[in-house]
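Colleague: Sharing final31.csv, CSV, C-alpha atoms and all ligand atoms:
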```
chain,number,residue,atom,x,y,z
N,1,MET,CA,-130.2,-171.4,54.3
N,2,ALA,CA,-128.9,-168.0,53.2
N,3,GLU,CA,-129.0,-167.2,49.5
N,4,ARG,CA,-125.6,-167.6,47.8
N,5,THR,CA,-125.0,-164.2,46.2
N,6,LEU,CA,-121.4,-163.3,47.1
N,7,ASP,CA,-118.0,-163.6,45.4
N,8,VAL,CA,-115.7,-163.8,48.4
N,9,PHE,CA,-111.9,-163.1,48.2
N,10,LEU,CA,-110.2,-164.1,51.4
N,11,ASP,CA,-106.5,-164.1,52.4
N,12,THR,CA,-105.8,-166.3,55.5
N,13,VAL,CA,-102.3,-165.0,55.8
N,14,ASN,CA,-100.5,-161.7,55.1
N,15,ALA,CA,-97.2,-163.3,53.9
N,16,CYS,CA,-95.4,-164.7,50.8
N,17,ASN,CA,-92.3,-166.8,50.3
N,18,LEU,CA,-91.4,-165.0,47.0
N,19,LYS,CA,-90.8,-161.4,45.9
N,20,CYS,CA,-92.1,-161.5,42.3
N,21,VAL,CA,-91.1,-158.4,40.3
N,22,THR,CA,-94.8,-157.9,39.4
N,23,CYS,CA,-96.0,-157.8,43.0
N,24,VAL,CA,-96.1,-155.6,46.1
N,25,PHE,CA,-94.1,-158.2,47.9
N,26,SER,CA,-91.0,-157.0,46.0
N,27,ASP,CA,-91.3,-153.7,47.9
N,28,PRO,CA,-88.3,-154.0,50.3
N,29,ARG,CA,-90.4,-152.6,53.2
N,30,VAL,CA,-92.6,-155.7,53.1
N,31,ALA,CA,-89.9,-158.0,54.4
N,32,ALA,CA,-89.9,-156.1,57.7
N,33,LEU,CA,-93.7,-156.5,58.3
N,34,PRO,CA,-94.7,-158.9,61.0
N,35,LYS,CA,-96.1,-162.1,59.3
N,36,TYR,CA,-99.3,-163.6,60.6
N,37,THR,CA,-102.0,-166.1,59.9
N,38,MET,CA,-105.7,-165.2,60.5
N,39,PRO,CA,-106.3,-166.8,63.9
N,40,TRP,CA,-108.4,-170.0,63.7
N,41,GLU,CA,-111.1,-168.5,65.9
N,42,LEU,CA,-111.5,-165.5,63.6
N,43,TYR,CA,-111.4,-167.8,60.5
N,44,GLU,CA,-114.1,-170.0,62.0
N,45,LYS,CA,-116.3,-167.0,62.5
N,46,VAL,CA,-115.7,-165.8,58.9
N,47,ALA,CA,-116.4,-169.3,57.6
N,48,ARG,CA,-119.7,-169.7,59.5
N,49,GLN,CA,-121.0,-166.2,58.8
N,50,VAL,CA,-119.8,-165.6,55.2
N,51,PHE,CA,-119.2,-169.0,53.4
N,52,PRO,CA,-122.9,-170.0,53.4
N,53,GLN,CA,-123.6,-166.8,51.4
N,54,ALA,CA,-120.8,-167.4,48.9
N,55,GLU,CA,-121.4,-168.7,45.4
N,56,TYR,CA,-117.6,-168.2,44.7
N,57,LEU,CA,-114.8,-168.3,47.2
N,58,THR,CA,-111.1,-167.9,46.7
N,59,LEU,CA,-108.9,-168.7,49.7
N,60,SER,CA,-106.1,-166.5,48.4
N,61,CYS,CA,-105.9,-163.2,46.7
N,62,LEU,CA,-103.0,-160.8,47.4
N,63,THR,CA,-100.8,-163.2,49.3
N,64,GLU,CA,-99.5,-166.9,49.3
N,65,PRO,CA,-102.0,-169.3,50.9
N,66,LEU,CA,-99.5,-172.0,51.6
N,67,MET,CA,-97.6,-169.7,53.9
N,68,ASN,CA,-100.4,-170.4,56.3
N,69,PRO,CA,-98.9,-173.4,58.2
N,70,LYS,CA,-102.4,-174.8,58.8
N,71,PHE,CA,-103.8,-174.1,55.3
N,72,ALA,CA,-104.9,-177.8,54.8
N,73,ARG,CA,-107.1,-177.5,57.9
N,74,TYR,CA,-108.5,-174.1,56.8
N,75,LEU,CA,-109.3,-175.5,53.4
N,76,ARG,CA,-110.9,-178.7,54.7
N,77,PHE,CA,-113.1,-176.6,57.0
N,78,ALA,CA,-114.1,-174.4,54.1
N,79,GLY,CA,-115.2,-177.5,52.2
N,80,GLU,CA,-117.9,-178.1,54.8
N,81,PHE,CA,-119.8,-175.1,53.5
N,82,GLU,CA,-120.1,-176.6,50.0
N,83,VAL,CA,-119.5,-173.3,48.2
N,84,PRO,CA,-120.3,-174.1,44.5
N,85,ARG,CA,-117.1,-172.6,43.2
N,86,MET,CA,-114.1,-172.6,45.6
N,87,GLU,CA,-110.5,-172.2,44.6
N,88,PHE,CA,-107.2,-170.8,45.7
N,89,VAL,CA,-104.3,-169.4,43.7
N,90,THR,CA,-100.7,-170.4,44.6
N,91,ASN,CA,-97.2,-170.3,43.4
N,92,ALA,CA,-97.0,-174.0,44.3
N,93,GLN,CA,-93.5,-173.8,45.7
N,94,LEU,CA,-94.8,-175.1,49.1
N,95,LEU,CA,-97.4,-177.5,47.8
N,96,ARG,CA,-97.4,-180.8,49.8
N,97,ASP,CA,-99.5,-183.9,50.1
N,98,GLU,CA,-101.4,-182.5,53.0
N,99,HIS,CA,-102.6,-179.7,50.7
N,100,LEU,CA,-103.5,-182.0,47.9
N,101,GLN,CA,-105.4,-184.3,50.2
N,102,ALA,CA,-107.3,-181.3,51.6
N,103,CYS,CA,-108.2,-180.2,48.0
N,104,VAL,CA,-109.7,-183.7,47.5
N,105,ASP,CA,-111.5,-183.8,50.9
N,106,ALA,CA,-112.9,-180.3,50.4
N,107,ARG,CA,-114.0,-181.1,46.9
N,108,LEU,CA,-112.2,-178.0,45.7
N,109,TRP,CA,-113.6,-176.7,42.4
N,110,ARG,CA,-110.4,-175.3,41.0
N,111,ILE,CA,-106.8,-174.8,41.9
N,112,ALA,CA,-104.9,-172.0,40.2
N,113,ILE,CA,-101.1,-172.3,39.7
N,114,SER,CA,-99.1,-169.3,38.6
N,115,LEU,CA,-96.6,-170.1,35.9
N,116,ASP,CA,-95.0,-166.8,35.1
N,117,GLY,CA,-92.5,-168.1,32.5
N,118,GLY,CA,-91.9,-171.0,30.1
N,119,ASP,CA,-88.3,-171.7,31.1
N,120,ALA,CA,-86.2,-171.6,34.2
N,121,ILE,CA,-84.6,-168.2,33.4
N,122,SER,CA,-87.8,-166.3,32.6
N,123,TYR,CA,-89.7,-167.9,35.5
N,124,GLU,CA,-87.0,-167.3,38.1
N,125,THR,CA,-86.3,-163.8,36.9
N,126,VAL,CA,-90.0,-162.8,37.5
N,127,ARG,CA,-90.7,-165.1,40.4
N,128,ARG,CA,-87.8,-164.0,42.6
N,129,GLY,CA,-87.0,-166.6,45.2
N,130,ALA,CA,-88.8,-169.4,43.4
N,131,SER,CA,-87.2,-172.6,41.9
N,132,TRP,CA,-88.3,-173.7,38.5
N,133,ASP,CA,-87.2,-177.3,39.3
N,134,ARG,CA,-89.4,-177.2,42.5
N,135,LEU,CA,-92.3,-176.0,40.5
N,136,LEU,CA,-92.0,-178.9,38.0
N,137,VAL,CA,-91.5,-181.5,40.7
N,138,ASN,CA,-94.5,-180.2,42.7
N,139,THR,CA,-96.9,-179.9,39.8
N,140,ALA,CA,-95.9,-183.4,38.4
N,141,HIS,CA,-96.6,-184.8,41.8
N,142,ALA,CA,-100.0,-183.0,42.1
N,143,GLN,CA,-100.9,-184.4,38.7
N,144,ASP,CA,-100.1,-188.0,39.8
N,145,PHE,CA,-101.9,-187.4,43.1
N,146,PHE,CA,-105.1,-186.1,41.6
N,147,ALA,CA,-105.1,-188.8,38.9
N,148,SER,CA,-105.7,-191.5,41.5
N,149,ALA,CA,-108.0,-189.4,43.7
N,150,PRO,CA,-111.8,-189.6,43.9
N,151,HIS,CA,-112.1,-185.9,43.2
N,152,GLN,CA,-109.9,-183.8,40.9
N,153,PRO,CA,-110.1,-180.0,40.9
N,154,ILE,CA,-109.9,-178.1,37.6
N,155,LEU,CA,-106.4,-176.8,37.0
N,156,ARG,CA,-106.3,-173.1,36.1
N,157,VAL,CA,-102.9,-171.9,35.0
N,158,ILE,CA,-102.2,-168.1,35.3
N,159,ILE,CA,-99.4,-166.7,33.3
N,160,THR,CA,-98.6,-163.1,34.2
N,161,LEU,CA,-96.6,-161.3,31.6
N,162,VAL,CA,-93.9,-158.6,31.7
N,163,GLN,CA,-91.0,-157.8,29.4
N,164,ASP,CA,-88.8,-160.4,31.3
N,165,ASN,CA,-91.0,-163.4,30.4
N,166,PHE,CA,-93.5,-162.7,27.6
N,167,ARG,CA,-91.3,-164.2,24.9
N,168,SER,CA,-91.5,-167.5,26.8
N,169,ALA,CA,-95.3,-167.5,27.1
N,170,VAL,CA,-95.8,-170.0,24.3
N,171,GLU,CA,-93.6,-172.5,26.1
N,172,ALA,CA,-95.5,-171.7,29.3
N,173,VAL,CA,-98.8,-172.5,27.6
N,174,ARG,CA,-97.3,-175.8,26.3
N,175,ARG,CA,-96.3,-176.7,29.8
N,176,ALA,CA,-99.8,-175.8,31.2
N,177,LEU,CA,-101.4,-178.1,28.6
N,178,GLN,CA,-99.0,-180.9,29.5
N,179,TRP,CA,-100.1,-180.5,33.1
N,180,GLY,CA,-103.7,-181.0,32.0
N,181,ALA,CA,-104.8,-177.4,32.5
N,182,GLY,CA,-108.6,-176.9,32.0
N,183,GLU,CA,-108.2,-173.1,31.9
N,184,VAL,CA,-105.3,-170.9,30.9
N,185,GLU,CA,-105.2,-167.2,31.7
N,186,LEU,CA,-102.6,-164.8,30.2
N,187,ARG,CA,-102.6,-161.4,31.7
N,188,GLU,CA,-100.6,-158.2,31.7
N,189,THR,CA,-100.0,-156.6,35.0
N,190,LEU,CA,-101.9,-154.1,37.1
N,191,THR,CA,-99.4,-151.4,38.1
N,192,PHE,CA,-98.4,-151.3,41.7
N,193,PRO,CA,-96.5,-148.1,42.1
N,194,GLY,CA,-93.2,-148.0,44.0
N,195,ILE,CA,-91.8,-151.3,42.8
N,196,GLY,CA,-90.4,-150.3,39.4
N,197,LEU,CA,-93.1,-152.3,37.6
N,198,GLN,CA,-93.9,-149.7,35.0
N,199,ALA,CA,-90.5,-150.1,33.3
N,200,ARG,CA,-91.2,-153.8,32.9
N,201,GLN,CA,-94.7,-153.5,31.4
N,202,LEU,CA,-95.4,-154.2,27.8
N,203,LYS,CA,-96.5,-150.8,26.6
N,204,HIS,CA,-93.9,-150.7,23.8
N,205,HIS,CA,-94.1,-154.3,22.8
N,206,GLY,CA,-97.7,-154.4,21.6
N,207,ASP,CA,-97.1,-156.0,18.2
N,208,GLU,CA,-94.7,-158.7,19.4
N,209,LEU,CA,-97.0,-159.4,22.4
N,210,ARG,CA,-99.9,-159.8,20.0
N,211,SER,CA,-98.2,-162.5,17.9
N,212,VAL,CA,-97.1,-164.3,21.1
N,213,LEU,CA,-100.7,-164.2,22.5
N,214,LEU,CA,-102.2,-165.4,19.2
N,215,GLU,CA,-99.9,-168.4,19.2
N,216,CYS,CA,-100.8,-169.1,22.8
N,217,LYS,CA,-104.5,-168.9,21.9
N,218,ALA,CA,-104.1,-171.2,18.9
N,219,LEU,CA,-102.4,-173.8,21.1
N,220,CYS,CA,-105.3,-173.6,23.7
N,221,ASP,CA,-107.9,-173.7,21.0
N,222,ALA,CA,-106.4,-176.7,19.3
N,223,ALA,CA,-106.4,-178.5,22.7
N,224,ALA,CA,-110.0,-177.3,23.4
N,225,VAL,CA,-108.8,-175.6,26.6
N,226,SER,CA,-110.5,-172.3,27.5
N,227,VAL,CA,-108.2,-169.4,27.4
N,228,LEU,CA,-108.6,-165.9,28.8
N,229,ILE,CA,-106.4,-163.0,27.6
N,230,LEU,CA,-106.3,-159.9,29.7
N,231,SER,CA,-104.2,-157.6,27.6
N,232,GLU,CA,-103.9,-153.8,27.6
N,233,ASN,CA,-101.3,-153.4,24.9
N,234,ALA,CA,-101.7,-156.1,22.2
N,235,PRO,CA,-103.5,-154.5,19.2
N,236,GLY,CA,-106.7,-156.3,18.4
N,237,LEU,CA,-106.5,-158.3,21.7
N,238,LYS,CA,-107.0,-155.5,24.1
N,239,VAL,CA,-109.8,-156.0,26.5
N,240,ASP,CA,-112.9,-154.5,24.9
N,241,LEU,CA,-114.0,-152.1,27.6
N,242,SER,CA,-117.4,-151.7,25.9
N,243,GLY,CA,-118.0,-155.3,26.8
N,244,VAL,CA,-116.9,-155.0,30.4
N,245,PRO,CA,-119.7,-154.9,33.0
N,246,PRO,CA,-119.9,-152.3,35.8
N,247,CYS,CA,-118.0,-153.2,38.9
N,248,HIS,CA,-120.3,-155.0,41.3
N,249,ALA,CA,-118.1,-154.4,44.4
N,250,LEU,CA,-121.0,-152.6,46.0
N,251,GLU,CA,-123.4,-155.5,45.8
N,252,ARG,CA,-121.8,-158.8,45.3
N,253,ARG,CA,-118.0,-158.8,45.8
N,254,VAL,CA,-116.4,-158.9,49.2
N,255,ALA,CA,-112.8,-159.2,50.3
N,256,ILE,CA,-111.6,-160.1,53.7
N,257,ALA,CA,-108.0,-159.6,54.8
N,258,ALA,CA,-106.1,-161.8,57.2
N,259,ASN,CA,-106.6,-159.3,60.0
N,260,GLY,CA,-110.4,-159.5,59.5
N,261,ASP,CA,-110.9,-156.2,57.6
N,262,VAL,CA,-113.9,-156.3,55.3
N,263,MET,CA,-113.5,-154.4,52.0
N,264,PRO,CA,-115.5,-154.3,48.7
N,265,CYS,CA,-112.5,-155.8,46.9
N,266,MET,CA,-108.9,-156.9,47.5
N,267,LEU,CA,-107.5,-153.7,45.9
N,268,TRP,CA,-109.6,-151.5,48.2
N,269,ALA,CA,-107.0,-149.1,49.6
N,270,ARG,CA,-109.6,-146.9,51.3
N,271,GLU,CA,-110.9,-147.3,54.9
N,272,PRO,CA,-112.2,-150.9,55.3
N,273,LEU,CA,-116.0,-151.2,55.7
N,274,GLY,CA,-115.4,-152.8,59.1
N,275,ASN,CA,-113.5,-155.5,60.9
N,276,LEU,CA,-114.9,-159.0,61.9
N,277,ARG,CA,-112.9,-159.0,65.1
N,278,ASP,CA,-115.7,-157.4,67.0
N,279,SER,CA,-118.6,-157.1,64.5
N,280,SER,CA,-120.6,-159.7,62.7
N,281,PHE,CA,-120.4,-160.0,59.0
N,282,ASP,CA,-124.0,-158.9,58.6
N,283,GLN,CA,-123.5,-155.8,60.7
N,284,VAL,CA,-120.6,-154.8,58.5
N,285,TRP,CA,-122.1,-155.8,55.2
N,286,ASN,CA,-125.4,-154.2,55.8
N,287,GLY,CA,-123.9,-151.1,57.5
N,288,SER,CA,-124.3,-147.5,56.3
N,289,TRP,CA,-121.2,-147.7,53.9
N,290,ARG,CA,-123.2,-148.8,50.9
N,291,ALA,CA,-125.5,-145.8,51.0
N,292,ARG,CA,-122.4,-143.6,51.4
N,293,LEU,CA,-120.6,-145.1,48.4
N,294,ARG,CA,-123.6,-145.6,46.1
N,295,ASP,CA,-123.5,-142.0,44.9
N,296,GLN,CA,-119.8,-142.2,44.1
N,297,PHE,CA,-120.3,-145.5,42.2
N,298,ARG,CA,-123.2,-143.9,40.2
N,299,ARG,CA,-121.1,-140.8,39.4
N,300,GLU,CA,-117.9,-142.6,38.4
N,301,ARG,CA,-119.4,-145.8,37.0
N,302,PRO,CA,-116.3,-147.9,37.5
N,303,LEU,CA,-116.0,-150.9,35.2
N,304,LEU,CA,-115.0,-154.3,36.5
N,305,TRP,CA,-111.6,-153.8,34.8
N,306,CYS,CA,-109.5,-152.9,37.8
N,307,PRO,CA,-106.6,-151.1,35.9
N,308,THR,CA,-109.1,-148.3,35.1
N,309,CYS,CA,-110.6,-148.1,38.6
N,310,THR,CA,-111.2,-144.7,40.0
N,311,ILE,CA,-112.9,-145.9,43.2
N,312,CYS,CA,-110.6,-148.0,45.2
N,313,LYS,CA,-108.2,-145.3,46.3
N,314,ASP,CA,-109.0,-142.0,48.0
N,315,ASP,CA,-106.2,-140.3,46.2
N,316,PRO,CA,-105.2,-141.6,42.7
N,317,ALA,CA,-101.7,-140.3,43.3
N,318,ASP,CA,-101.3,-142.3,46.6
N,319,ASP,CA,-98.4,-144.6,45.7
N,320,ASP,CA,-98.4,-146.3,49.1
N,321,ALA,CA,-101.9,-147.6,49.0
N,322,TYR,CA,-101.0,-151.2,48.1
N,323,PHE,CA,-98.2,-151.4,50.6
N,324,ARG,CA,-100.7,-150.4,53.3
N,325,LEU,CA,-102.9,-153.3,52.2
N,326,LEU,CA,-100.2,-155.7,53.3
N,327,ALA,CA,-99.2,-153.6,56.4
N,328,LYS,CA,-102.4,-154.1,58.3
N,329,PRO,CA,-101.7,-154.9,61.9
N,330,ARG,CA,-102.0,-158.4,63.4
N,331,PRO,CA,-105.5,-159.2,64.7
N,332,LEU,CA,-105.6,-159.6,68.4
N,333,GLY,CA,-108.4,-161.6,70.1
N,334,PRO,CA,-110.8,-162.2,71.7
N,335,PHE,CA,-113.2,-162.3,68.7
N,336,ALA,CA,-116.8,-161.5,69.6
I,401,LIG,C1,-101.0,-161.9,43.8
I,401,LIG,S1,-100.9,-163.6,43.4
I,401,LIG,C2,-101.4,-164.4,45.0
I,401,LIG,C3,-101.4,-165.9,44.9
I,401,LIG,C4,-100.0,-166.6,44.8
I,401,LIG,N1,-99.1,-166.0,45.7
I,401,LIG,C5,-99.5,-166.6,43.4
I,401,LIG,O1,-98.6,-165.9,43.0
I,401,LIG,O2,-100.0,-167.5,42.7
I,401,LIG,C6,-102.3,-163.9,42.4
I,401,LIG,C7,-102.0,-163.8,40.9
I,401,LIG,O3,-101.7,-162.5,40.6
I,401,LIG,C8,-100.7,-162.4,39.6
I,401,LIG,N2,-100.0,-161.1,39.7
I,401,LIG,C9,-98.9,-160.8,40.3
I,401,LIG,N3,-98.6,-159.5,40.2
I,401,LIG,C10,-99.6,-159.0,39.4
I,401,LIG,C11,-99.9,-157.7,38.9
I,401,LIG,N4,-99.1,-156.7,39.1
I,401,LIG,N5,-101.0,-157.6,38.1
I,401,LIG,C12,-101.9,-158.6,37.9
I,401,LIG,N6,-101.6,-159.8,38.4
I,401,LIG,C13,-100.5,-160.0,39.1
I,401,LIG,C14,-99.8,-163.6,40.1
I,401,LIG,O4,-98.9,-164.0,39.0
I,401,LIG,C15,-100.8,-164.6,40.5
I,401,LIG,O5,-101.1,-165.4,39.4
I,402,LIG,S1,-97.4,-162.8,43.0
I,402,LIG,FE1,-97.9,-164.3,44.5
I,402,LIG,S2,-96.0,-165.5,44.7
I,402,LIG,FE2,-95.4,-163.6,43.7
I,402,LIG,S3,-94.8,-162.3,45.4
I,402,LIG,FE3,-96.9,-161.9,45.0
I,402,LIG,S4,-98.1,-163.1,46.4
I,402,LIG,FE4,-96.0,-163.9,46.3
I,403,LIG,S1,-113.1,-151.9,39.7
I,403,LIG,FE1,-112.2,-151.0,41.5
I,403,LIG,S2,-113.7,-151.4,43.2
I,403,LIG,FE2,-114.2,-152.7,41.5
I,403,LIG,S3,-113.2,-154.7,41.9
I,403,LIG,FE3,-111.8,-153.5,40.6
I,403,LIG,S4,-110.4,-152.3,42.0
I,403,LIG,FE4,-112.2,-153.1,43.2
```
Could I get this structure in the form of structure tokens?
Modeller:
Amino acid sequence: MAERTLDVFLDTVNACNLKCVTCVFSDPRVAALPKYTMPWELYEKVARQVFPQAEYLTLSCLTEPLMNPKFARYLRFAGEFEVPRMEFVTNAQLLRDEHLQACVDARLWRIAISLDGGDAISYETVRRGASWDRLLVNTAHAQDFFASAPHQPILRVIITLVQDNFRSAVEAVRRALQWGAGEVELRETLTFPGIGLQARQLKHHGDELRSVLLECKALCDAAAVSVLILSENAPGLKVDLSGVPPCHALERRVAIAANGDVMPCMLWAREPLGNLRDSSFDQVWNGSWRARLRDQFRRERPLLWCPTCTICKDDPADDDAYFRLLAKPRPLGPFA
């Protein structure tokens, strides 16, 4: 049995049903990209070669997992590899019984639901294309479903904050606690260039953001629910970079896109390390790339705080890097 040393970030699909203002999917060019799911044959190969080495596995990263029409089957199969910490992050708009049953069957460790707003207006302004009512119906149903199931994943609620929704964060946290969240995460956004996100970020709202975040934290503390705050602008609550460890993308972290590209992390906008269509994971993972990159990692010492990363792009001024991550071509078989 291989040692479980990897944190694996996998997208099984390159598509999303929404165009959140925070996300590369709001780039108008994305709508014209051909949508595809990682073919089952390729997924099976990834699962057999990579999942036994995973200590942590997320089945979604940059995209929406439930856009994969066979996601329940993919999840159930992942469950066979008994990864100690397995989760996926979803907007929950397409969450159905077949997914909930697969969570139970796969003994999913954690399900993360994005709740970017505490009321219909804030939520729907940020989550363009989503319905607040649908979110409430689907999450209430999931709560009932898991309550009577033999296995219940931890619920992680992620609240991503921009100017349009941060004043409703306290309401969002109340809602998350009502849903039975075991973990709440409040985060400011990474900047994806080219989608107008900078103008929505919270740079000039630090003090107000701070009081909102403190209230959110107090609510979670009172409910004994763990809360993670990833802030860049709230005075006194900013991530303390002296406490952030070095990025371990070179050693432990691996991202796999729906076309089979292998990268050190999901924001890796440089050449991929290889592709699993015609190579084995071990060939790619143990290839010469690590030696090539090690010097650069030593020189630049990136921290595992991705907004400050100097490593993941060839050219820091390359504004199209993130679009290219979604624009990878459809993988064509056969898969060796
Ligand atoms: C990219 S989404 C993919 C999963 C799924 N589609 C969803 O939204 O839950 C993963 C998480 O990243 C958050 N997110 C979106 N844009 C972001 C940004 N610019 N910086 C940091 N997180 C962001 C989302 O709110 C979501 O919680
Ligand atoms: S944040 Fe998630 S739901 Fe929103 S557009 Fe991006 S991938 Fe889709
Ligand atoms: S610090 Fe850079 S290389 Fe490391 S995980 Fe973050 S974006 Fe990727």
Colleague: List as a PyMOL selection string the protein and nucleic acid residues lying within 12 Å of ligand LIG 402 (chain I), with all atoms listed in the file counted.
Modeller: chain N and resi 11+13-28+30-31+60-67+88-94+112-116+123-131+135+158-161+189-190+192+195+322-323+326
Colleague: Taking into account all atoms listed in the file, which residue in the set N:Ile311, N:Asp97, N:Leu237, N:Gly79 is nearest to Arg299 of chain N?
Modeller: N:Ile311
Colleague: What do you get as a PDB file with C-alpha atoms, in the coordinates of the input if you pick all residues at most 10 Å from ligand LIG 403 (chain I), counting all atoms listed in the file?
Modeller:
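Generated file (result.pdb):
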```
ATOM      1  CA  LEU N 190    -101.900-154.100  37.100  1.00  0.00           C
ATOM      2  CA  PRO N 245    -119.700-154.900  33.000  1.00  0.00           C
ATOM      3  CA  PRO N 246    -119.900-152.300  35.800  1.00  0.00           C
ATOM      4  CA  CYS N 247    -118.000-153.200  38.900  1.00  0.00           C
ATOM      5  CA  HIS N 248    -120.300-155.000  41.300  1.00  0.00           C
ATOM      6  CA  ALA N 249    -118.100-154.400  44.400  1.00  0.00           C
ATOM      7  CA  LEU N 250    -121.000-152.600  46.000  1.00  0.00           C
ATOM      8  CA  ARG N 253    -118.000-158.800  45.800  1.00  0.00           C
ATOM      9  CA  VAL N 254    -116.400-158.900  49.200  1.00  0.00           C
ATOM     10  CA  ALA N 255    -112.800-159.200  50.300  1.00  0.00           C
ATOM     11  CA  MET N 263    -113.500-154.400  52.000  1.00  0.00           C
ATOM     12  CA  PRO N 264    -115.500-154.300  48.700  1.00  0.00           C
ATOM     13  CA  CYS N 265    -112.500-155.800  46.900  1.00  0.00           C
ATOM     14  CA  MET N 266    -108.900-156.900  47.500  1.00  0.00           C
ATOM     15  CA  LEU N 267    -107.500-153.700  45.900  1.00  0.00           C
ATOM     16  CA  TRP N 268    -109.600-151.500  48.200  1.00  0.00           C
ATOM     17  CA  ALA N 269    -107.000-149.100  49.600  1.00  0.00           C
ATOM     18  CA  PHE N 297    -120.300-145.500  42.200  1.00  0.00           C
ATOM     19  CA  ARG N 301    -119.400-145.800  37.000  1.00  0.00           C
ATOM     20  CA  PRO N 302    -116.300-147.900  37.500  1.00  0.00           C
ATOM     21  CA  LEU N 303    -116.000-150.900  35.200  1.00  0.00           C
ATOM     22  CA  LEU N 304    -115.000-154.300  36.500  1.00  0.00           C
ATOM     23  CA  TRP N 305    -111.600-153.800  34.800  1.00  0.00           C
ATOM     24  CA  CYS N 306    -109.500-152.900  37.800  1.00  0.00           C
ATOM     25  CA  PRO N 307    -106.600-151.100  35.900  1.00  0.00           C
ATOM     26  CA  THR N 308    -109.100-148.300  35.100  1.00  0.00           C
ATOM     27  CA  CYS N 309    -110.600-148.100  38.600  1.00  0.00           C
ATOM     28  CA  THR N 310    -111.200-144.700  40.000  1.00  0.00           C
ATOM     29  CA  ILE N 311    -112.900-145.900  43.200  1.00  0.00           C
ATOM     30  CA  CYS N 312    -110.600-148.000  45.200  1.00  0.00           C
ATOM     31  CA  LYS N 313    -108.200-145.300  46.300  1.00  0.00           C
TER      32      LYS N 313
END
```
Colleague: Can you work out which one of N:Pro193, N:Gly180, N:Gly333, N:Gly117 has the shortest atom-to-atom distance to Gln163 of chain N, counting only C-alpha atoms?
Modeller: N:Gly117
Colleague: Quick check, in Å to one decimal: how far apart do atom CA of Lys328 of chain N and atom CA of Phe9 of chain N lie?
Modeller: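 Atom CA of Phe9 of chain N lies at a distance of 16.5 Å from atom CA of Lys328 of chain N.
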Colleague: Kindly indicate which residue among N:Leu136, N:Leu202, N:Val244, N:Leu186 lies nearest to Cys216 of chain N, using only C-alpha atoms for the distances.
Modeller: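 Using only C-alpha atoms, the shortest distance to Cys216 of chain N belongs to N:Leu186.
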Colleague: Out of N:Thr37, N:Thr12, N:Gln53, N:Ser242, which residue has the shortest atom-to-atom distance to ligand LIG 401 (chain I) when counting all atoms listed in the file?
Modeller: N:Thr12
Colleague: Between N:Leu230, N:Arg200, N:Arg252, N:Leu219, which is the closest to Glu3 of chain N once you count only C-alpha atoms?
Modeller: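 Distance minimum relative to Glu3 of chain N lands on N:Arg252.
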Colleague: Measuring between only C-alpha atoms, which one of N:Leu228, N:Val212, N:Asp207, N:Leu155 shows the shortest distance to Arg187 of chain N?
Modeller: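 Counting only C-alpha atoms, the residue closest to Arg187 of chain N is N:Leu228.
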Colleague: Quick one: pull the distance between atom CA of Asp278 of chain N and atom CA of Ala47 of chain N, Å, one decimal.
Modeller: 15.2 Å
Colleague: Using all atoms listed in the file, which residues sit within 10 Å of segment 140-143 of chain N once same-chain residues fewer than 2 positions away are excluded, as a ChimeraX atom specification?
Modeller: /N:92,95-97,99-101,134-138,145-148,152,155,178-180
Colleague: Would you mind reading off the distance between atom CA of Asp318 of chain N and atom CA of Val284 of chain N, one decimal, in Å?
Modeller: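 Taking atom CA of Asp318 of chain N and atom CA of Val284 of chain N, their separation equals 25.9 Å.
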Colleague: Need the shell around Leu273 of chain N: protein/DNA/RNA residues with any atom at most 10 Å away, counting only C-alpha atoms. Skip same-chain ones fewer than 2 positions apart. Format as a CSV table (one decimal) with C-alpha atoms, in the coordinates of the input?
Modeller:
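Once written, around_27.csv looks like this:
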```csv
chain,number,residue,atom,x,y,z
N,261,ASP,CA,-110.9,-156.2,57.6
N,262,VAL,CA,-113.9,-156.3,55.3
N,263,MET,CA,-113.5,-154.4,52.0
N,264,PRO,CA,-115.5,-154.3,48.7
N,268,TRP,CA,-109.6,-151.5,48.2
N,270,ARG,CA,-109.6,-146.9,51.3
N,271,GLU,CA,-110.9,-147.3,54.9
N,275,ASN,CA,-113.5,-155.5,60.9
N,284,VAL,CA,-120.6,-154.8,58.5
N,285,TRP,CA,-122.1,-155.8,55.2
N,286,ASN,CA,-125.4,-154.2,55.8
N,287,GLY,CA,-123.9,-151.1,57.5
N,288,SER,CA,-124.3,-147.5,56.3
N,289,TRP,CA,-121.2,-147.7,53.9
N,290,ARG,CA,-123.2,-148.8,50.9
```
